[in-house]
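Q: Pasting target_25.cif here (mmCIF, C-alpha atoms):
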```cif
data_structure
loop_
_atom_site.group_PDB
_atom_site.id
_atom_site.type_symbol
_atom_site.label_atom_id
_atom_site.label_comp_id
_atom_site.auth_asym_id
_atom_site.auth_seq_id
_atom_site.Cartn_x
_atom_site.Cartn_y
_atom_site.Cartn_z
ATOM 1 C CA MET A 206 13.955 -158.694 51.203
ATOM 2 C CA THR A 207 13.895 -154.976 52.000
ATOM 3 C CA SER A 208 16.338 -152.429 50.666
ATOM 4 C CA ALA A 209 18.501 -150.398 53.062
ATOM 5 C CA HIS A 210 18.510 -147.450 50.699
ATOM 6 C CA PRO A 211 15.857 -144.712 51.078
ATOM 7 C CA PRO A 212 13.513 -144.217 48.122
ATOM 8 C CA PRO A 213 14.452 -141.433 45.691
ATOM 9 C CA ALA A 214 11.452 -139.351 46.747
ATOM 10 C CA ALA A 215 12.650 -139.268 50.355
ATOM 11 C CA ALA A 216 16.153 -138.268 49.341
ATOM 12 C CA ALA A 217 14.832 -135.460 47.166
ATOM 13 C CA ALA A 218 12.632 -134.118 49.950
ATOM 14 C CA THR A 219 15.547 -132.544 51.807
ATOM 15 C CA PRO A 220 17.644 -130.621 49.221
ATOM 16 C CA GLU A 221 20.899 -129.081 50.413
ATOM 17 C CA PRO A 222 21.214 -126.183 50.777
ATOM 18 C CA ARG A 223 17.621 -125.251 51.539
ATOM 19 C CA ARG A 224 16.465 -123.566 48.358
ATOM 20 C CA GLN A 225 13.587 -121.679 49.926
ATOM 21 C CA LEU A 226 15.847 -120.222 52.620
ATOM 22 C CA VAL A 227 18.462 -119.210 50.075
ATOM 23 C CA ALA A 228 15.823 -117.473 47.955
ATOM 24 C CA LEU A 229 14.426 -115.778 51.067
ATOM 25 C CA GLY A 230 17.928 -114.648 52.040
ATOM 26 C CA LEU A 231 18.559 -113.077 48.654
ATOM 27 C CA GLY A 232 15.149 -111.416 48.758
ATOM 28 C CA THR A 233 15.882 -110.053 52.217
ATOM 29 C CA ALA A 234 19.222 -108.671 51.042
ATOM 30 C CA ILE A 235 17.525 -106.908 48.123
ATOM 31 C CA VAL A 236 14.911 -105.364 50.430
ATOM 32 C CA LEU A 237 17.596 -104.175 52.845
ATOM 33 C CA ALA A 238 19.635 -102.716 49.991
ATOM 34 C CA GLY A 239 16.550 -100.838 48.845
ATOM 35 C CA LEU A 240 16.017 -99.578 52.381
ATOM 36 C CA ALA A 241 19.613 -98.373 52.517
ATOM 37 C CA ALA A 242 19.235 -96.473 49.251
ATOM 38 C CA SER A 243 15.905 -94.932 50.232
ATOM 39 C CA THR A 244 17.109 -93.766 53.663
ATOM 40 C CA TRP A 245 20.362 -92.218 52.420
ATOM 41 C CA PRO A 246 18.762 -88.805 51.692
ATOM 42 C CA LEU A 247 17.275 -88.821 55.217
ATOM 43 C CA ARG A 248 20.427 -89.964 56.987
ATOM 44 C CA ALA A 249 21.078 -86.692 58.821
ATOM 45 C CA VAL A 250 17.460 -86.201 59.895
ATOM 46 C CA VAL A 251 17.138 -89.727 61.256
ATOM 47 C CA TYR A 252 20.518 -89.681 62.958
ATOM 48 C CA ARG A 253 20.016 -86.310 64.664
ATOM 49 C CA ALA A 254 16.598 -87.420 65.905
ATOM 50 C CA VAL A 255 17.606 -90.843 67.217
ATOM 51 C CA ALA A 256 21.160 -90.560 68.614
ATOM 52 C CA PRO A 257 20.677 -87.699 71.103
ATOM 53 C CA ALA A 258 17.280 -89.030 72.211
ATOM 54 C CA VAL A 259 18.790 -92.411 73.102
ATOM 55 C CA ALA A 260 21.861 -90.826 74.710
ATOM 56 C CA GLY A 261 19.594 -88.834 77.014
ATOM 57 C CA SER A 262 17.504 -91.819 78.071
ATOM 58 C CA PRO A 263 18.405 -93.438 81.413
ATOM 59 C CA VAL A 264 17.139 -96.785 80.098
ATOM 60 C CA GLY A 265 17.836 -96.550 76.374
ATOM 61 C CA ALA A 266 21.453 -95.436 76.698
ATOM 62 C CA PRO A 267 22.831 -98.465 78.599
ATOM 63 C CA VAL A 268 20.764 -100.904 76.540
ATOM 64 C CA ALA A 269 21.849 -99.367 73.233
ATOM 65 C CA GLY A 270 25.434 -99.132 74.384
ATOM 66 C CA ALA A 271 25.609 -102.791 75.389
ATOM 67 C CA ALA A 272 23.858 -103.963 72.227
ATOM 68 C CA ALA A 273 26.051 -101.760 70.025
ATOM 69 C CA ARG A 274 29.253 -103.141 71.541
ATOM 70 C CA TYR A 275 28.363 -106.781 72.128
ATOM 71 C CA GLY A 276 25.305 -107.545 69.982
ATOM 72 C CA PRO A 277 27.119 -109.727 67.418
ATOM 73 C CA LEU A 278 28.490 -111.903 70.228
ATOM 74 C CA LEU A 279 24.990 -113.343 70.707
ATOM 75 C CA LEU A 280 25.229 -114.731 67.194
ATOM 76 C CA VAL A 281 28.805 -115.895 67.685
ATOM 77 C CA ALA A 282 27.562 -117.899 70.678
ATOM 78 C CA LEU A 283 24.663 -119.299 68.652
ATOM 79 C CA ALA A 284 26.987 -120.341 65.825
ATOM 80 C CA ALA A 285 29.358 -122.002 68.282
ATOM 81 C CA VAL A 286 26.554 -124.013 69.892
ATOM 82 C CA LEU A 287 25.204 -125.045 66.488
ATOM 83 C CA ALA A 288 28.681 -126.084 65.357
ATOM 84 C CA VAL A 289 28.999 -128.516 68.247
ATOM 85 C CA VAL A 290 25.447 -129.855 67.995
ATOM 86 C CA THR A 291 25.458 -130.334 64.223
ATOM 87 C CA LEU A 292 28.939 -131.871 64.242
ATOM 88 C CA LEU A 293 27.635 -134.556 66.569
ATOM 89 C CA ARG A 294 24.137 -135.023 65.148
ATOM 90 C CA ASP A 295 23.760 -133.605 61.623
ATOM 91 C CA ARG A 296 26.860 -133.518 59.424
ATOM 92 C CA PRO A 297 25.153 -131.979 56.334
ATOM 93 C CA ALA A 298 23.930 -129.089 58.494
ATOM 94 C CA PHE A 299 27.411 -128.780 60.002
ATOM 95 C CA TRP A 300 29.029 -128.357 56.590
ATOM 96 C CA LEU A 301 26.373 -125.840 55.614
ATOM 97 C CA LEU A 302 27.341 -123.917 58.727
ATOM 98 C CA VAL A 303 31.016 -124.161 57.755
ATOM 99 C CA ALA A 304 30.208 -122.834 54.277
ATOM 100 C CA GLY A 305 28.289 -119.999 55.917
ATOM 101 C CA GLY A 306 31.290 -119.303 58.135
ATOM 102 C CA VAL A 307 33.450 -118.948 55.029
ATOM 103 C CA GLY A 308 30.859 -116.452 53.802
ATOM 104 C CA VAL A 309 31.114 -114.481 57.052
ATOM 105 C CA ILE A 310 34.876 -114.120 56.602
ATOM 106 C CA ILE A 311 34.557 -113.094 52.951
ATOM 107 C CA ALA A 312 31.822 -110.598 53.802
ATOM 108 C CA TYR A 313 33.973 -108.987 56.493
ATOM 109 C CA LEU A 314 36.986 -108.692 54.186
ATOM 110 C CA LEU A 315 34.824 -107.240 51.425
ATOM 111 C CA SER A 316 33.342 -104.727 53.850
ATOM 112 C CA ALA A 317 36.824 -103.648 54.971
ATOM 113 C CA VAL A 318 37.804 -102.980 51.354
ATOM 114 C CA VAL A 319 34.577 -101.075 50.650
ATOM 115 C CA LYS A 320 35.070 -98.938 53.756
ATOM 116 C CA MET A 321 38.540 -97.886 52.606
ATOM 117 C CA LEU A 322 37.367 -97.145 49.062
ATOM 118 C CA VAL A 323 34.308 -95.118 50.093
ATOM 119 C CA GLY A 324 35.744 -93.410 53.170
ATOM 120 C CA GLU A 325 32.464 -92.086 54.581
ATOM 121 C CA GLU A 326 33.010 -90.135 57.799
ATOM 122 C CA ARG A 327 31.265 -91.266 60.957
ATOM 123 C CA PRO A 328 28.130 -89.263 61.756
ATOM 124 C CA CYS A 329 29.433 -88.626 65.271
ATOM 125 C CA ARG A 330 32.289 -86.676 63.644
ATOM 126 C CA VAL A 331 30.000 -84.766 61.300
ATOM 127 C CA TRP A 332 27.274 -83.746 63.757
ATOM 128 C CA ASP A 333 27.813 -82.288 67.207
ATOM 129 C CA VAL A 334 25.257 -84.342 69.146
ATOM 130 C CA PRO A 335 25.584 -86.462 72.309
ATOM 131 C CA THR A 336 26.093 -90.179 71.683
ATOM 132 C CA THR A 337 25.882 -93.264 73.848
ATOM 133 C CA VAL A 338 29.144 -94.779 72.576
ATOM 134 C CA ALA A 339 32.405 -92.873 72.083
ATOM 135 C CA CYS A 340 33.039 -91.995 68.448
ATOM 136 C CA PRO A 341 35.547 -94.369 66.777
ATOM 137 C CA ALA A 342 38.975 -93.103 65.805
ATOM 138 C CA VAL A 343 39.602 -91.027 62.698
ATOM 139 C CA GLY A 344 39.952 -93.343 59.711
ATOM 140 C CA ASP A 345 37.497 -95.891 61.089
ATOM 141 C CA TRP A 346 34.957 -95.261 58.348
ATOM 142 C CA SER A 347 31.203 -95.482 58.586
ATOM 143 C CA TRP A 348 29.782 -97.210 55.484
ATOM 144 C CA PRO A 349 28.862 -100.034 55.682
ATOM 145 C CA SER A 350 28.468 -100.979 59.329
ATOM 146 C CA ASN A 351 30.774 -103.901 60.110
ATOM 147 C CA HIS A 352 28.863 -104.845 63.254
ATOM 148 C CA SER A 353 25.633 -105.040 61.244
ATOM 149 C CA LEU A 354 27.337 -106.992 58.473
ATOM 150 C CA VAL A 355 28.855 -109.581 60.809
ATOM 151 C CA ALA A 356 25.577 -109.974 62.700
ATOM 152 C CA ALA A 357 23.577 -110.505 59.507
ATOM 153 C CA ALA A 358 26.183 -112.860 58.048
ATOM 154 C CA LEU A 359 26.259 -115.005 61.189
ATOM 155 C CA ALA A 360 22.472 -115.029 61.398
ATOM 156 C CA THR A 361 22.179 -116.101 57.756
ATOM 157 C CA ALA A 362 24.734 -118.888 58.191
ATOM 158 C CA CYS A 363 22.901 -120.199 61.268
ATOM 159 C CA ILE A 364 19.468 -120.060 59.637
ATOM 160 C CA ILE A 365 20.571 -121.838 56.451
ATOM 161 C CA ALA A 366 22.175 -124.603 58.508
ATOM 162 C CA VAL A 367 19.401 -124.896 61.113
ATOM 163 C CA PRO A 368 16.263 -123.042 59.970
ATOM 164 C CA ARG A 369 14.497 -123.221 63.329
ATOM 165 C CA THR A 370 17.067 -120.803 64.801
ATOM 166 C CA ALA A 371 15.502 -117.922 62.828
ATOM 167 C CA TRP A 372 13.315 -116.932 65.790
ATOM 168 C CA PHE A 373 16.474 -115.952 67.674
ATOM 169 C CA ALA A 374 18.947 -115.094 64.898
ATOM 170 C CA VAL A 375 16.823 -112.539 63.049
ATOM 171 C CA PRO A 376 15.933 -110.346 66.078
ATOM 172 C CA ALA A 377 19.530 -110.603 67.350
ATOM 173 C CA ALA A 378 20.926 -109.379 64.024
ATOM 174 C CA LEU A 379 18.429 -106.513 63.824
ATOM 175 C CA LEU A 380 19.172 -105.540 67.433
ATOM 176 C CA ALA A 381 22.928 -105.523 66.817
ATOM 177 C CA GLY A 382 22.501 -103.381 63.720
ATOM 178 C CA LEU A 383 19.947 -100.857 64.917
ATOM 179 C CA ALA A 384 21.851 -100.413 68.178
ATOM 180 C CA ARG A 385 24.717 -98.937 66.137
ATOM 181 C CA LEU A 386 22.372 -96.166 64.967
ATOM 182 C CA ALA A 387 20.897 -95.714 68.433
ATOM 183 C CA ALA A 388 24.360 -95.502 70.001
ATOM 184 C CA GLY A 389 25.315 -92.719 67.587
ATOM 185 C CA VAL A 390 28.143 -94.337 65.617
ATOM 186 C CA HIS A 391 26.334 -95.085 62.322
ATOM 187 C CA TYR A 392 23.725 -93.732 59.972
ATOM 188 C CA LEU A 393 20.648 -95.858 59.233
ATOM 189 C CA HIS A 394 21.827 -96.536 55.670
ATOM 190 C CA ASP A 395 25.150 -97.824 57.079
ATOM 191 C CA VAL A 396 23.238 -100.364 59.135
ATOM 192 C CA ALA A 397 20.879 -101.425 56.338
ATOM 193 C CA SER A 398 23.774 -101.760 53.894
ATOM 194 C CA GLY A 399 25.748 -103.886 56.344
ATOM 195 C CA LEU A 400 22.764 -106.160 56.952
ATOM 196 C CA ALA A 401 22.167 -106.499 53.204
ATOM 197 C CA LEU A 402 25.795 -107.193 52.307
ATOM 198 C CA GLY A 403 26.313 -109.713 55.099
ATOM 199 C CA THR A 404 23.163 -111.623 54.130
ATOM 200 C CA ALA A 405 23.887 -111.609 50.402
ATOM 201 C CA VAL A 406 27.522 -112.703 50.632
ATOM 202 C CA VAL A 407 26.766 -115.676 52.870
ATOM 203 C CA VAL A 408 23.935 -116.817 50.593
ATOM 204 C CA VAL A 409 26.138 -116.568 47.511
ATOM 205 C CA VAL A 410 29.041 -118.427 49.151
ATOM 206 C CA VAL A 411 26.739 -121.246 50.296
ATOM 207 C CA LEU A 412 25.347 -121.486 46.766
ATOM 208 C CA LEU A 413 28.850 -121.692 45.310
ATOM 209 C CA LEU A 414 29.794 -124.456 47.742
ATOM 210 C CA ARG A 415 26.553 -126.408 47.375
ATOM 211 C CA ARG A 416 28.002 -129.111 45.105
ATOM 212 C CA ALA A 417 30.675 -129.990 47.630
ATOM 213 C CA ILE A 418 28.101 -130.014 50.424
ATOM 214 C CA ARG A 419 25.684 -132.240 48.481
ATOM 215 C CA SER A 420 28.419 -134.712 47.609
ATOM 216 C CA GLY A 421 29.192 -135.215 51.295
ATOM 217 C CA TRP A 422 32.394 -133.177 51.432
ATOM 218 C CA PRO A 423 34.632 -133.644 53.202
ATOM 219 C CA PRO A 424 34.633 -137.441 53.091
ATOM 220 C CA PRO A 425 34.257 -139.246 56.429
ATOM 221 C CA SER A 426 37.505 -139.850 58.270
ATOM 222 C CA GLY A 427 38.755 -143.163 59.572
ATOM 223 C CA PRO A 428 39.377 -146.531 57.972
ATOM 224 C CA ALA A 429 36.817 -147.989 55.591
ATOM 225 C CA ARG A 430 34.630 -150.735 56.978
#
```
Let me see the file written as structure tokens.

A:
Amino acid sequence: MTSAHPPPAAAAATPEPRRQLVALGLGTAIVLAGLAASTWPLRAVVYRAVAPAVAGSPVGAPVAGAAARYGPLLLVALAAVLAVVTLLRDRPAFWLLVAGGVGVIIAYLLSAVVKMLVGEERPCRVWDVPTTVACPAVGDWSWPSNHSLVAAALATACIIAVPRTAWFAVPAALLAGLARLAAGVHYLHDVASGLALGTAVVVVVVLLLRRAIRSGWPPPSGPAR
């Protein structure tokens, strides 16, 4: 007679959440935070070199403008597709994605609070240089970049749930973030800080929810058989 239960070794081979990815995410966030700190003294030099050069480019300006405005939507679309696919085929991955989605919301709310507390003026209001995108309204603060944060948070949630999406999610998040600098509405350290914060918050939230995910939460619906 054969047992219907998988051997313990097989069950242990696929830990949830993926520990290596979580460790890599935290490491990435630390590196990005270091980049943000190291580029802060050079923020004006970098901004004044990049923003007007892109604004004056017949190719760079429309590309940067589109990516700056709509870049995170690529990752919203990816998350939506993964939500449907994993709901139908891989429930543990689906609930990892849900946990990551909770992290995205928390990261955005945290960023909004930080923006109000810090109140860093947009570079396009500090420096008189041409920009690809119109400068946001007064009171729409610069640090950290919300677009970069949301892009990184969505990318992290997707990668933790379905690791093979990294080939698309990572470049999409970097494009969405760096386009904000190229379009003239953020400093480089705004972008790096947003990427770091979005990555770190999602990783931490997934870690905090890991017990519920491992225990199969929420329980399957429908009558018991």

Q: Excluding Val410 of chain A and any residue of its chain fewer than 6 positions from it, enumerate the residues within 8 Å of it, using only C-alpha atoms, and give them as a PyMOL selection string.

A: chain A and resi 304-305+307-308

Q: When you draw a straight line from atom CA of Leu393 of chain A to atom CA of Leu247 of chain A, how long is it in Å?

A: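 Result for atom CA of Leu393 of chain A versus atom CA of Leu247 of chain A: 8.8 Å, one decimal.
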
Q: Quick one: pull the distance between atom CA of Tyr275 of chain A and atom CA of Ala381 of chain A, Å, one decimal.

A: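 Between atom CA of Tyr275 of chain A and atom CA of Ala381 of chain A the gap works out to 7.7 Å.
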
Q: For a cut-off of 7 Å around (20.7, -88.6, 71.3), file coordinates, pick out all residues using only C-alpha atoms and list them as a ChimeraX atom specification.

A: /A:254-261,334-336

Q: Quick one: residues within 10 Å of Ala401 of chain A, only C-alpha atoms, excluding same-chain residues fewer than 6 positions away - as a list in words?

A: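 Near neighbours after the sequence-gap exclusion: Gly230, Leu231, Gly232, Thr233, Ala234, Ile235, Val236, Leu237, Ala238, Gly239, Leu240, Ala241, Pro349, Ser353, Leu354, Ala357, Ala358 and Asp395 of chain A.
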
Q: Kindly export the residues of the current selection with C-alpha atoms, as an mmCIF file, in the frame of the given file.

A:
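File produced: selection_15.cif:
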```cif
data_model
loop_
_atom_site.group_PDB
_atom_site.id
_atom_site.type_symbol
_atom_site.label_atom_id
_atom_site.label_comp_id
_atom_site.auth_asym_id
_atom_site.auth_seq_id
_atom_site.Cartn_x
_atom_site.Cartn_y
_atom_site.Cartn_z
ATOM 1 C CA GLY A 230 17.928 -114.648 52.040
ATOM 2 C CA LEU A 231 18.559 -113.077 48.654
ATOM 3 C CA GLY A 232 15.149 -111.416 48.758
ATOM 4 C CA THR A 233 15.882 -110.053 52.217
ATOM 5 C CA ALA A 234 19.222 -108.671 51.042
ATOM 6 C CA ILE A 235 17.525 -106.908 48.123
ATOM 7 C CA VAL A 236 14.911 -105.364 50.430
ATOM 8 C CA LEU A 237 17.596 -104.175 52.845
ATOM 9 C CA ALA A 238 19.635 -102.716 49.991
ATOM 10 C CA GLY A 239 16.550 -100.838 48.845
ATOM 11 C CA LEU A 240 16.017 -99.578 52.381
ATOM 12 C CA ALA A 241 19.613 -98.373 52.517
ATOM 13 C CA PRO A 349 28.862 -100.034 55.682
ATOM 14 C CA SER A 353 25.633 -105.040 61.244
ATOM 15 C CA LEU A 354 27.337 -106.992 58.473
ATOM 16 C CA ALA A 357 23.577 -110.505 59.507
ATOM 17 C CA ALA A 358 26.183 -112.860 58.048
ATOM 18 C CA ASP A 395 25.150 -97.824 57.079
#
```

Q: Report the residues retrieved by the PyMOL selection byres ((chain A and resi 364) around 10) from the displayed file, expressed as a PyMOL selection string.

A: chain A and resi 223+226-227+230+284+301-302+305+358-363+365-375

Q: Give me the residues within 10 Å of Ala272 of chain A as a CSV table (one decimal) with C-alpha atoms, in the frame of the given file, counting only C-alpha atoms and dropping any in the same chain fewer than 5 places off.

A:
```csv
chain,number,residue,atom,x,y,z
A,266,ALA,CA,21.5,-95.4,76.7
A,267,PRO,CA,22.8,-98.5,78.6
A,277,PRO,CA,27.1,-109.7,67.4
A,278,LEU,CA,28.5,-111.9,70.2
A,279,LEU,CA,25.0,-113.3,70.7
A,377,ALA,CA,19.5,-110.6,67.4
A,380,LEU,CA,19.2,-105.5,67.4
A,381,ALA,CA,22.9,-105.5,66.8
A,382,GLY,CA,22.5,-103.4,63.7
A,383,LEU,CA,19.9,-100.9,64.9
A,384,ALA,CA,21.9,-100.4,68.2
A,385,ARG,CA,24.7,-98.9,66.1
A,387,ALA,CA,20.9,-95.7,68.4
A,388,ALA,CA,24.4,-95.5,70.0
```

Q: Report, in Å with one decimal, the straight-line distance from atom CA of Lys320 of chain A to atom CA of Ser347 of chain A.

A: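 Taking atom CA of Lys320 of chain A and atom CA of Ser347 of chain A, their separation equals 7.1 Å.
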
Q: Which of these residues is nearest to Cys329 of chain A, using only C-alpha atoms: A:Leu315, A:Val268, A:Ala397, A:Ala249?

A: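 Among the listed residues, the smallest separation from Cys329 of chain A belongs to A:Ala249.
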